[in-house]
Each structure stands twice: as C-alpha cells, then as structure tokens.
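See below for the structure under consideration.
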Amino acid sequence: MTGRVTGWDVLGMWELHPSVVVGCIALVAGYLAWTRRDLSGSAERRWRTAAFLTGVATMFVALVSPLDPLSDQYLFSAHMVQHILIAFLAPALFVLGLQPGPLRRLLHHRWIDRIERTVGRPRAAWPLFVVTLWAWHLPVLYEATLHSERIHIIEHLLFLVTGTIFWWPALTPVEERRMAPLAAAAYLFAASLANSLLGIVLTFAPVGLYPSYVTPEDTLDLLPLIRGRWGITAGFDQQLGGLFMWVLGMVIFVLAIVAAFVRWYRQPEEVTA
Amino acid sequence: MDVSKISKTKVAMVTFVLSEATFFLMLVIAYVYYQGHPASSGEAARLLDPVKTGIFSLCLFASSYTVHRAGIALHRSRSSRLRLWLGATVVLGATFLAGQAHEYLGLFHAGQNLGRDLFGSSFFTLTGFHGFHVLVGLVILSSFLGLSLAGKVGPAEGEERTGGTERGLRRNRDAFEAATIYWHFVDAVWVVIFSVVYLWAAI
Amino acid sequence: MSLLAWISTVDHKRIGILYLLVTLFFFLVGGVEALLMRIQLARPESTFLTPDQYNQIFTMHGTTMIFLVVMPALIGLGNYVVPLMVGARDMAFPRLNAFSLWILLFGGLLLYFSFMAGGAPAAGWFSYAPLSEKNFNMSPGLDYWSLSVFILGIGTLSSAINFIATILTMRAPGMTLRRLPLFVWMTLVNSLLIVFAIPVLNAAAVMLFFDRQYGASFFQAAGGGSAILWQHFFWVFGHPEVYIMVLPAFGILSEVIPVFSRKPIFGYEFVAASTVAIGLLSFGVWVHHMFVSGLGQPVDLVFAAGSMLIAIPTGVKIFNWSATLFGGSIRFTTSLLFALAFLIQFTVGGLSGVMFATVPIDWQLTDTYFVVAHFHYVLFGGTFFGLMAGLYYWFPKITGRMLSERLGKWHFWLTVIGFNGTFMVQHLLGLMGMPRRAYTYPDLPYWGALNQISTVGAFLMGISVVLLLVNVVWALRHGEIAGDNPWDGWSLEWATSSPPPEHNFDRLPPVRGRRPLWELDETVPTGGGAGEEA
C-alpha cells in the first residue's frame, strides 16, 4: 500500500453503479412519459419538471459520486450527508416535481386514492418517516447495512419511500390533499425536533457507536489521507455526522417551515365578521 | 384551519401539553444518557419486570379508549353512559397507579431509591413525575364524574336544550375535551417511558 | 379601590398594574444589590463585603433581575396591553392570570426568605454543577433557588398559555393574524418560546433539588453523574431565555417608533418573520455558552456558525426600525428617546455578543467583565430602555395622566449617562482580563480607576430611578389629563378611555387593517395635549 492517495484522487472516485444509472434513467423517462400529455408549457410545469430532475440528479450524485465509497467504508459523516440527500432533499424535490394535472388523474383510481387517504395523511406519514429514520440508526441495523449490500439497498429505498410519503402532505401540488399551511408548519416543526434529537444523541454519544467507522477496512488506501492529512479522527467523524444530521436537517426543515409561513401569508384574507 | 374558532380551553390545554412534553423529554434524555453508564448498567434489566408492568400499562392504554367513549357519550348527552365510561377510565387509571406503587415497593425492598445510583435517580424521577401526572388526571376525571353524578354536567334529565344551556353544554364539552387531551397525553408519555425504560431494559 | 378589591382582582388591567408594582419592588431590591456590589468593587482589595456575602449578592442580583424583574415586567405590561390591542374584554383565563401574579410574588418571597434561612444561593444565577451540589454549597440557599425557580417557572408558563389562548381565540372581528399589532405578535412568539424553554429549566431545577436533597446523582460526578449535563440543560433553556427577555421589548419598539414617526412600520412582514426565525433558531445555538467546556472542535465550529447566523434576523429588525424613522415626522417624546437609545445600545450589545460567536475570542473573554458588559448592554441598554419607552407610552392609557416630559427628559439623560458610564468601561476591564463573579481584584493599572467610574455610573443610575419614581408620583397627582389618544396612536387600545372601563370597550371600532384607527374615516380623537406638538 503506497499511502500516496490524495484528495484529488478521491474526487475522481466516481462509480456508475448500473442499478443506480438504470434506476435514474427509468425515473426520468417515466416522469417525462407520464407528464407529456400536459403540454400547457406553463411556468409551473417548467419549475416542477426542474424540481423533479434536480431530485433525480441529487439522488444520482449521492449514490455514484465519491461520497458513496467514503460513506460505505470510511466516514460516518459522509454517509450522513448521503442520507440527508436521499432521505430529505431528493424526496422533497420529487414531491415538488409532481405535476398536478396527471396527479389528479392518477388519484381518480380507487386504489391509489385509498392509499393516499391512509398513508398520505400526516398522522401516518409522520411516524413512518420518523420511526424509519430512528430505527436505521440503531447500531445493529446501521452496521448491517455496512456489511450487506442488500440490506443497504433496502435501507436506501425505505429512506426514499418514507421520505416521499413524509413530504407529501406538506408539499403536494394537489391543493385539496395538502395540509393547511399552519398545520404543515407544525408538522414540519415536530419532525425537525425528532430529527434534531437523534442528531444531538449522535453528536454527544461516546465514540464507537458504529464500530465499522472506528477501524475501517482500508480497501481504497484512503485511511492515511483521512486520518493523517485531513486529520479526521473517529471521534471527530462521529460528532460531525451527528452535527450534519442535526444542523443540515434543521436547515432543510426551517426552509420548509418558512415556505409554509409564506404560503399561509399569501392566502387571501379571511375576515371573520 | 381558523384558529380563532377553536375553543380557548382546547388551545390552552394543547399548549400546556406541549410544555409538559418538553419537561418529560428532558427527564427521558437524562434517563437515556445515564443508561449506558457503568454506575447503573444492568440495574434496569435486573430489577424491572416488563411483563408485569406491561399488564398494568395495558390498563392505562385501555383507559384512553374509555375516556374517548366517555367524550362521545357527553357529546350525545347520554349521562349514564358518560358515567359508565368515565368510571371505567378512573378505575383503569387507578389500577395502573396501584401497579406502579406495587412496583415501587418492590424496588424499595431491593434497596433502590432516588439516591442509590444513577438508575435510581433517573428512573424514579421520570416515572415518579409521570405517576404524579396520572394522579392529577384522575383527580380531574373523578371531579367530572362527581359533577356528572350530581347532575351538573350536560342537560338535566328530560330538559330541553335552550340557548343558555347550549352555551353551558359547549363549555362542558370544551372542558371535557381538554381533560381528554390531557389524559391521552399522559398515556402517550407512558408509551415512550415504557419503551425507553422497560422494553429497552429487556433487550 | 379597596385593598381587598386589588388583592382579589381578576381584571387583566389591575393585574398588569400589580405586576408592574411587584417588579418595581424587586427592581429596587436588585438595584440595591447591584449598588452594594459596585461599592465593593470601587476599590481593589476592598473588604466592604466578604467573599461569601458578595457571592450571595451577585447571585441574587442576577436571579432577581431576570426572574423577578425583566420577565414579569414584560409579561405584566403585556397583560395590560395585549387584550386591549386585540379588542378583547380580558385575558382568556382571568383567574389563571391572577394565579400567575401571586405565584410571582410568592416565588420571589420564597427566594428572598433564603437570606433568613441560612444564606442566599451563592453559585451565580446559573448555578453550575458541581458548585451547586450539596458538598460544595451546604447552605440551603440553592434549595430555595431551585424551588423558587421551579415555582416562578410555573407562573411564567401560565402567563404564556394565557397569552397564546387569548391572542389566538379572542381577537376582535376583522383582526386576522396578519393584522396583529407587532407587540402582540412578539408576545405570541415569546409565549411559544416560554412554553418550550421554561420546562427545560424546571426539569433541571428538579434534578438539582433531588441531587441536593435526596442524594440523586444527576450532576454529581461521584455518583456517575455529569456536571456538563447541567450546563446543557441550563443553556438549552438559557439561550431562548435571553430572547424571551427581549422579544416583547422589540414589540414595544415596533409600536412606539411608528407612532412617533407618524409612519407605519417599515416591512411589517419582515419584522414578523424575523421574529419567528429568532424563535426557531434560538433553540439551536445554546452551546455557544459552553465553548470553554471542551466539547470538541466540530461542535464548537457548528455552533459558532449558527450563533453568527442568528444575528441576522435581529439585524433585520434594527434596519426596519431605522427605516421607519427615516423620512418620518419625528416627535421626540421621552418614549421615543428611550427607543432611540435602545437602537444604539442594543446594537452595541449585539455586536459584542456576535464577537463571542468567534470561538478564540470567546476563549479569551468568557467569564470576564466583557460578558457582563455585553449582557447589560442588551438587557439594560436594550430591554430596560424598551420598557421605559413602553412605560412613557402607555402610562397615559393606564392612569389617565401624562408623565412630565420635562422630568422625563432628565430621567432619560441621567439613565443614559449612568448606564453607559457603568458598563462601557466594563468592556475595557474585560479585555484587560478582570474576571467576573469575583469579590475583588488586584491593584493592576487602570483597574481601580475604571471600576470607580463604573461605580459612579451605577449611582447615577440609582438617582435616575429616583427621578422616575418622582415623575410617576407627580404625574398621578398633577399630570395632565391624557384623554383617549394623546399620541394619535392607531391600535385599538387608543379607541377607549384612559383608563379603560372594566369591560375595556364600549364600542369596538371595525378592524380593517393593521392600523385600525388610521383606517377609520372619522378624525382620530386626540383629547388632552401631548408630546412636543407646537
């Protein structure tokens, strides 16, 4: 082992996993096909499409960029960033990216409507998301994802799915299914608390919560770089990961809460007398 | 959602519940923080009986259902039903407290108390405050029961609903709804405590 | 009005006045404590107070000013004004309101009883473990501290719940949440802060009490507990607390400045939104009080960044108030003078605060007089001045009489000189390394002189308080009759008599905008004279 891997080398460690590439292409193709009937060309349609594509891009980058090997093998903090992209940011963009017209047509189908009315309600979506988030950070489950590719994929899929379900009541373009803005603010605020709590626990937990990150298997010869040049110890890494969850998560939630307030503010005045 | 239409009693109770939730959150954090500590490790697993406490917990969870039914009975002005469901709630809640007391006695016998070690400090503080909140809830519910028995809740037997009683009825319902929210909250806190303290000790 | 009527009142206006009287009493007590400290510190190596006496006095000064003066004064003023501003007949729960008031008095008396029961608490207002534990602080002072803090917390929470219920459900027809006067909006956000912050303190106080009385080990290292946990718990409360102590003052400024500029507030939405932002962010920066507790570099860095960020929403407000003044037709009433001083002094305090967000600077200056200077600039130069602005503004409404503008100007200038004289030099002392919470200091160059200046300033402040009391007493007897709306204000409290009848409004004007009285077609009634009108 030469130990002369540099940061620049890390930047080049992109790996186009076939499953991810195929999945993203399928998503984009499916989306374009699904929405082609609505040729309104309106501004809304354009920004929603942009949002959806950005969501796919976010997910793509999270999974094929150097972030991936760093996350899987070396750095808890890197893995946290990856999860935030997959579980918080991409799903929000997906929901924002849905087009109201085709969506309404989809909701005409009885079963889809039924699913939306049960799973898509805040009282189901919230616990689904929060419990998934917390459960996968139990050391036994987290370590399992690091050692079994299959479990890891399941974890990522669950993050994506429950994340999308979570954002649905707050962000759906179908007004009739959307939470009232103040209720959405409270919903998001409660979720931010649950997220922050976990982040705080991870930040202040004694080092060694996830043993695979304390003594990583150095297959890519990055350990000297990480521990030496970059000076990231296991303790630093774990704290940083907790902080990322806490603070980055908070930032996303605060933005969403502010957006909810702006939406509330824009509503036409209801004069009571 | 027009907030100004929600009853002020309900708003006040929800706000109060939020503040109490924060209070309990801090006590839970303290408990969890000290769980891994060598000074208290193993105590929870050694001394607590999740099965027995689980049975008493079921009483508390069931009481949420009975108080919900009591609310429905109040809404439909079925006084006898109201008293039945309220009575059941009080009995179930009291049973839970009795179970807790029994457990406390057992722990005291084993030499555990607030000052014994970290487990004792955090366990008794957390469950003790919860038990106190249950007690307060029982007092509130029993007061309702007493008032109902004295005929002061809802319309009198066979009375027409006039305008004056309508407002009084609404106040009754608001107050009872607030009490119900409080009771559900106390229950929800126990769900958390039971999971974090008893279930976790068992694994 | 008979004494019994006052003691048994559930009317928000009388309760508000009683709040102000109780806080005035504790303000005088806390002020005396401050003067005693300043006498002790006027000379190096002074023996005016023993170390233990000094510790008790600075602890009581801090605890008094925070829990028995600033918070309840803001709540008390809000008690009087908020129901009027939303057009309600009283608070949502009048009896709960009375309960809050009497709990305040009881909690305060319980705290002060400690002097007679073996000694007041002496571990600073934030009672760090392990100093606060029984083995280091055997007198019952800290038991009284934890109990009274707990009890006072319940009172504060009750007020907060009352405010939230009142503001959300008892507004006059037409007063949507987007038309709320900013003082009411700030009170609403503030009450939510209280709901989430005070229980944290209560939990910590309970744990401390159990440690001391029942041998629990929450913060006792010997039993496996963690002193750092106390710091975390305390500051999770403590940081939102400082915003709790300033938001209502921001609200007062947002009422006073527009009225005396004859302009609507600039950027109402930004002031409202930035308040919400401050409320949310305030729970995420507490670690900046713990930079010297060895939590690790990542944590320090993240909280340093967050703490700098939180200065932004406040800066937005300063900008909005300044922009309101710009181009306005300014009336330099005493109320506005206090508000203007607030703008300058609070900014100074804010700047020194942001300095602390830089970790290396914090490491040098923490626990020095720089901190003392900082928080007095924001709490006294800020909140207290804001309270004065509010007092001069609403005194006519509360009593029906105008305060003397002449005496008011003397009061104002004496306060400004006294306050800045006391605390500006403390920045220098802090930079030179003078530690806080220490009963004396060595005779190093300039330390004695600067401390003397500070003490002189403190006594000037004392005299200014006397002036305030003289003004109040004089006005009650000889003040000009105020009339309904001496300032040509436009919120609802000015649409009724001064003082208002018990039921507040004979007739509510329709609310069609953010400035109800301005929107009315009729001439705004003025009655009596006021301010600096030519």
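Within each chain, counting starts at residue 1; across the structure tokens, chains are named A, B, ... in the order shown, with ligands numbered 1 upward in that order.
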Got a sec to tell me which of range 131-177 of chain C DSSP assigns to alpha helix (DSSP H), as a list in words?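 These are the residues in question: Gly141, Leu142, Asp143, Tyr144, Trp145, Ser146, Leu147, Ser148, Val149, Phe150, Ile151, Leu152, Gly153, Ile154, Gly155, Thr156, Leu157, Ser158, Ser159, Ala160, Ile161, Asn162, Phe163, Ile164, Ala165, Thr166, Ile167, Leu168 and Thr169 of chain C.
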Return as a Markdown table the residues of chain B lying at most 10 Å from chain A, together with the closest atom-to-atom pair for each and the distance in Å to one decimal, counting only C-alpha atoms, with rows in chain order and ascending residue number.
```
| residue | atom | partner | partner_atom | distance |
| --- | --- | --- | --- | --- |
| B:Met1 | CA | A:Ala180 | CA | 6.5 |
| B:Asp2 | CA | A:Glu270 | CA | 8.8 |
| B:Val3 | CA | A:Leu182 | CA | 9.6 |
| B:Ser4 | CA | A:Thr272 | CA | 8.9 |
| B:Lys5 | CA | A:Thr272 | CA | 9.7 |
| B:Leu25 | CA | A:Leu197 | CA | 9.9 |
| B:Ile29 | CA | A:Val201 | CA | 9.1 |
| B:Val32 | CA | A:Val201 | CA | 9.7 |
| B:Tyr33 | CA | A:Ala205 | CA | 8.7 |
| B:Gly36 | CA | A:Pro206 | CA | 9.9 |
```
Expected answer as a PyMOL selection string: chain B residues within 10 Å of chain C, only C-alpha atoms: chain B and resi 2-27+29-31+33-34+37-40+113-122+124-125
Within 12 Å of chain C, which residues of chain A come that close, and what is the closest atom pair and distance in Å for each? Count only C-alpha atoms and give it as JSON lines.
```
{"residue": "A:Ser77", "atom": "CA", "partner": "C:Pro298", "partner_atom": "CA", "distance": 11.2}
{"residue": "A:Leu182", "atom": "CA", "partner": "C:Leu177", "partner_atom": "CA", "distance": 11.6}
{"residue": "A:Ala185", "atom": "CA", "partner": "C:Val276", "partner_atom": "CA", "distance": 11.6}
{"residue": "A:Ala186", "atom": "CA", "partner": "C:Leu280", "partner_atom": "CA", "distance": 11.9}
{"residue": "A:Phe189", "atom": "CA", "partner": "C:Leu280", "partner_atom": "CA", "distance": 9.1}
{"residue": "A:Ala190", "atom": "CA", "partner": "C:Leu280", "partner_atom": "CA", "distance": 11.9}
{"residue": "A:Ser192", "atom": "CA", "partner": "C:Leu280", "partner_atom": "CA", "distance": 10.6}
{"residue": "A:Leu193", "atom": "CA", "partner": "C:Phe283", "partner_atom": "CA", "distance": 10.3}
{"residue": "A:Ser196", "atom": "CA", "partner": "C:Gly284", "partner_atom": "CA", "distance": 9.2}
{"residue": "A:Leu197", "atom": "CA", "partner": "C:Gly284", "partner_atom": "CA", "distance": 11.3}
{"residue": "A:Gly199", "atom": "CA", "partner": "C:Gly284", "partner_atom": "CA", "distance": 11.8}
{"residue": "A:Ile200", "atom": "CA", "partner": "C:Val299", "partner_atom": "CA", "distance": 10.4}
{"residue": "A:Leu202", "atom": "CA", "partner": "C:Val299", "partner_atom": "CA", "distance": 11.7}
{"residue": "A:Thr203", "atom": "CA", "partner": "C:Val299", "partner_atom": "CA", "distance": 7.9}
{"residue": "A:Phe204", "atom": "CA", "partner": "C:Leu295", "partner_atom": "CA", "distance": 8.6}
{"residue": "A:Ala205", "atom": "CA", "partner": "C:Leu295", "partner_atom": "CA", "distance": 11.5}
{"residue": "A:Pro206", "atom": "CA", "partner": "C:Leu295", "partner_atom": "CA", "distance": 11.6}
{"residue": "A:Gly231", "atom": "CA", "partner": "C:Gln297", "partner_atom": "CA", "distance": 11.8}
{"residue": "A:Ile232", "atom": "CA", "partner": "C:Pro298", "partner_atom": "CA", "distance": 10.3}
{"residue": "A:Thr233", "atom": "CA", "partner": "C:Pro298", "partner_atom": "CA", "distance": 11.3}
{"residue": "A:Gly235", "atom": "CA", "partner": "C:Gly296", "partner_atom": "CA", "distance": 9.2}
{"residue": "A:Phe236", "atom": "CA", "partner": "C:Pro298", "partner_atom": "CA", "distance": 6.7}
{"residue": "A:Asp237", "atom": "CA", "partner": "C:Pro298", "partner_atom": "CA", "distance": 8.8}
{"residue": "A:Gln238", "atom": "CA", "partner": "C:Pro298", "partner_atom": "CA", "distance": 9.7}
{"residue": "A:Gln239", "atom": "CA", "partner": "C:Pro298", "partner_atom": "CA", "distance": 6.7}
{"residue": "A:Leu240", "atom": "CA", "partner": "C:Pro298", "partner_atom": "CA", "distance": 5.9}
{"residue": "A:Gly241", "atom": "CA", "partner": "C:Pro298", "partner_atom": "CA", "distance": 9.6}
{"residue": "A:Gly242", "atom": "CA", "partner": "C:Val299", "partner_atom": "CA", "distance": 9.5}
{"residue": "A:Leu243", "atom": "CA", "partner": "C:Val299", "partner_atom": "CA", "distance": 7.2}
{"residue": "A:Phe244", "atom": "CA", "partner": "C:Val302", "partner_atom": "CA", "distance": 9.1}
{"residue": "A:Met245", "atom": "CA", "partner": "C:Val302", "partner_atom": "CA", "distance": 11.9}
{"residue": "A:Trp246", "atom": "CA", "partner": "C:Gly284", "partner_atom": "CA", "distance": 9.2}
{"residue": "A:Val247", "atom": "CA", "partner": "C:Val302", "partner_atom": "CA", "distance": 8.0}
{"residue": "A:Leu248", "atom": "CA", "partner": "C:Val302", "partner_atom": "CA", "distance": 10.3}
{"residue": "A:Gly249", "atom": "CA", "partner": "C:Gly284", "partner_atom": "CA", "distance": 12.0}
{"residue": "A:Met250", "atom": "CA", "partner": "C:Gly284", "partner_atom": "CA", "distance": 8.9}
{"residue": "A:Val251", "atom": "CA", "partner": "C:Leu281", "partner_atom": "CA", "distance": 9.8}
{"residue": "A:Phe253", "atom": "CA", "partner": "C:Leu280", "partner_atom": "CA", "distance": 10.7}
{"residue": "A:Val254", "atom": "CA", "partner": "C:Leu280", "partner_atom": "CA", "distance": 8.0}
{"residue": "A:Leu255", "atom": "CA", "partner": "C:Ala277", "partner_atom": "CA", "distance": 10.1}
{"residue": "A:Ile257", "atom": "CA", "partner": "C:Ala277", "partner_atom": "CA", "distance": 9.8}
{"residue": "A:Val258", "atom": "CA", "partner": "C:Ala273", "partner_atom": "CA", "distance": 8.2}
{"residue": "A:Ala259", "atom": "CA", "partner": "C:Ala273", "partner_atom": "CA", "distance": 11.0}
{"residue": "A:Ala260", "atom": "CA", "partner": "C:Ala273", "partner_atom": "CA", "distance": 11.7}
{"residue": "A:Phe261", "atom": "CA", "partner": "C:Ala273", "partner_atom": "CA", "distance": 8.4}
{"residue": "A:Val262", "atom": "CA", "partner": "C:Ala273", "partner_atom": "CA", "distance": 9.0}
{"residue": "A:Trp264", "atom": "CA", "partner": "C:Arg178", "partner_atom": "CA", "distance": 9.8}
{"residue": "A:Tyr265", "atom": "CA", "partner": "C:Arg178", "partner_atom": "CA", "distance": 7.4}
{"residue": "A:Arg266", "atom": "CA", "partner": "C:Arg178", "partner_atom": "CA", "distance": 10.2}
{"residue": "A:Gln267", "atom": "CA", "partner": "C:Arg178", "partner_atom": "CA", "distance": 10.5}
{"residue": "A:Pro268", "atom": "CA", "partner": "C:Arg178", "partner_atom": "CA", "distance": 10.8}
{"residue": "A:Glu269", "atom": "CA", "partner": "C:Thr176", "partner_atom": "CA", "distance": 7.6}
{"residue": "A:Glu270", "atom": "CA", "partner": "C:Thr176", "partner_atom": "CA", "distance": 7.2}
{"residue": "A:Val271", "atom": "CA", "partner": "C:Gly174", "partner_atom": "CA", "distance": 5.2}
{"residue": "A:Thr272", "atom": "CA", "partner": "C:Pro173", "partner_atom": "CA", "distance": 5.5}
{"residue": "A:Ala273", "atom": "CA", "partner": "C:Pro173", "partner_atom": "CA", "distance": 5.0}
```
Residues near Pro313 in chain C, anyone? I mean within 8 Å using only C-alpha atoms, not counting same-chain ones fewer than 2 positions away, as an NGL selection string. :C and (274-275 or 277-278 or 310-311 or 315-317)
Taking 2 positions as the minimum chain separation for residues in the same chain, which residues sit within 9 Å of Val5 in chain A when counting only C-alpha atoms? Answer as a VMD selection string. chain A and resid 2 to 3 7 to 10 220 to 222 224 to 225
Rounded to one decimal place, report the CA of Leu336 in chain C-CA of Ala389 in chain C distance in Å. 6.4 Å
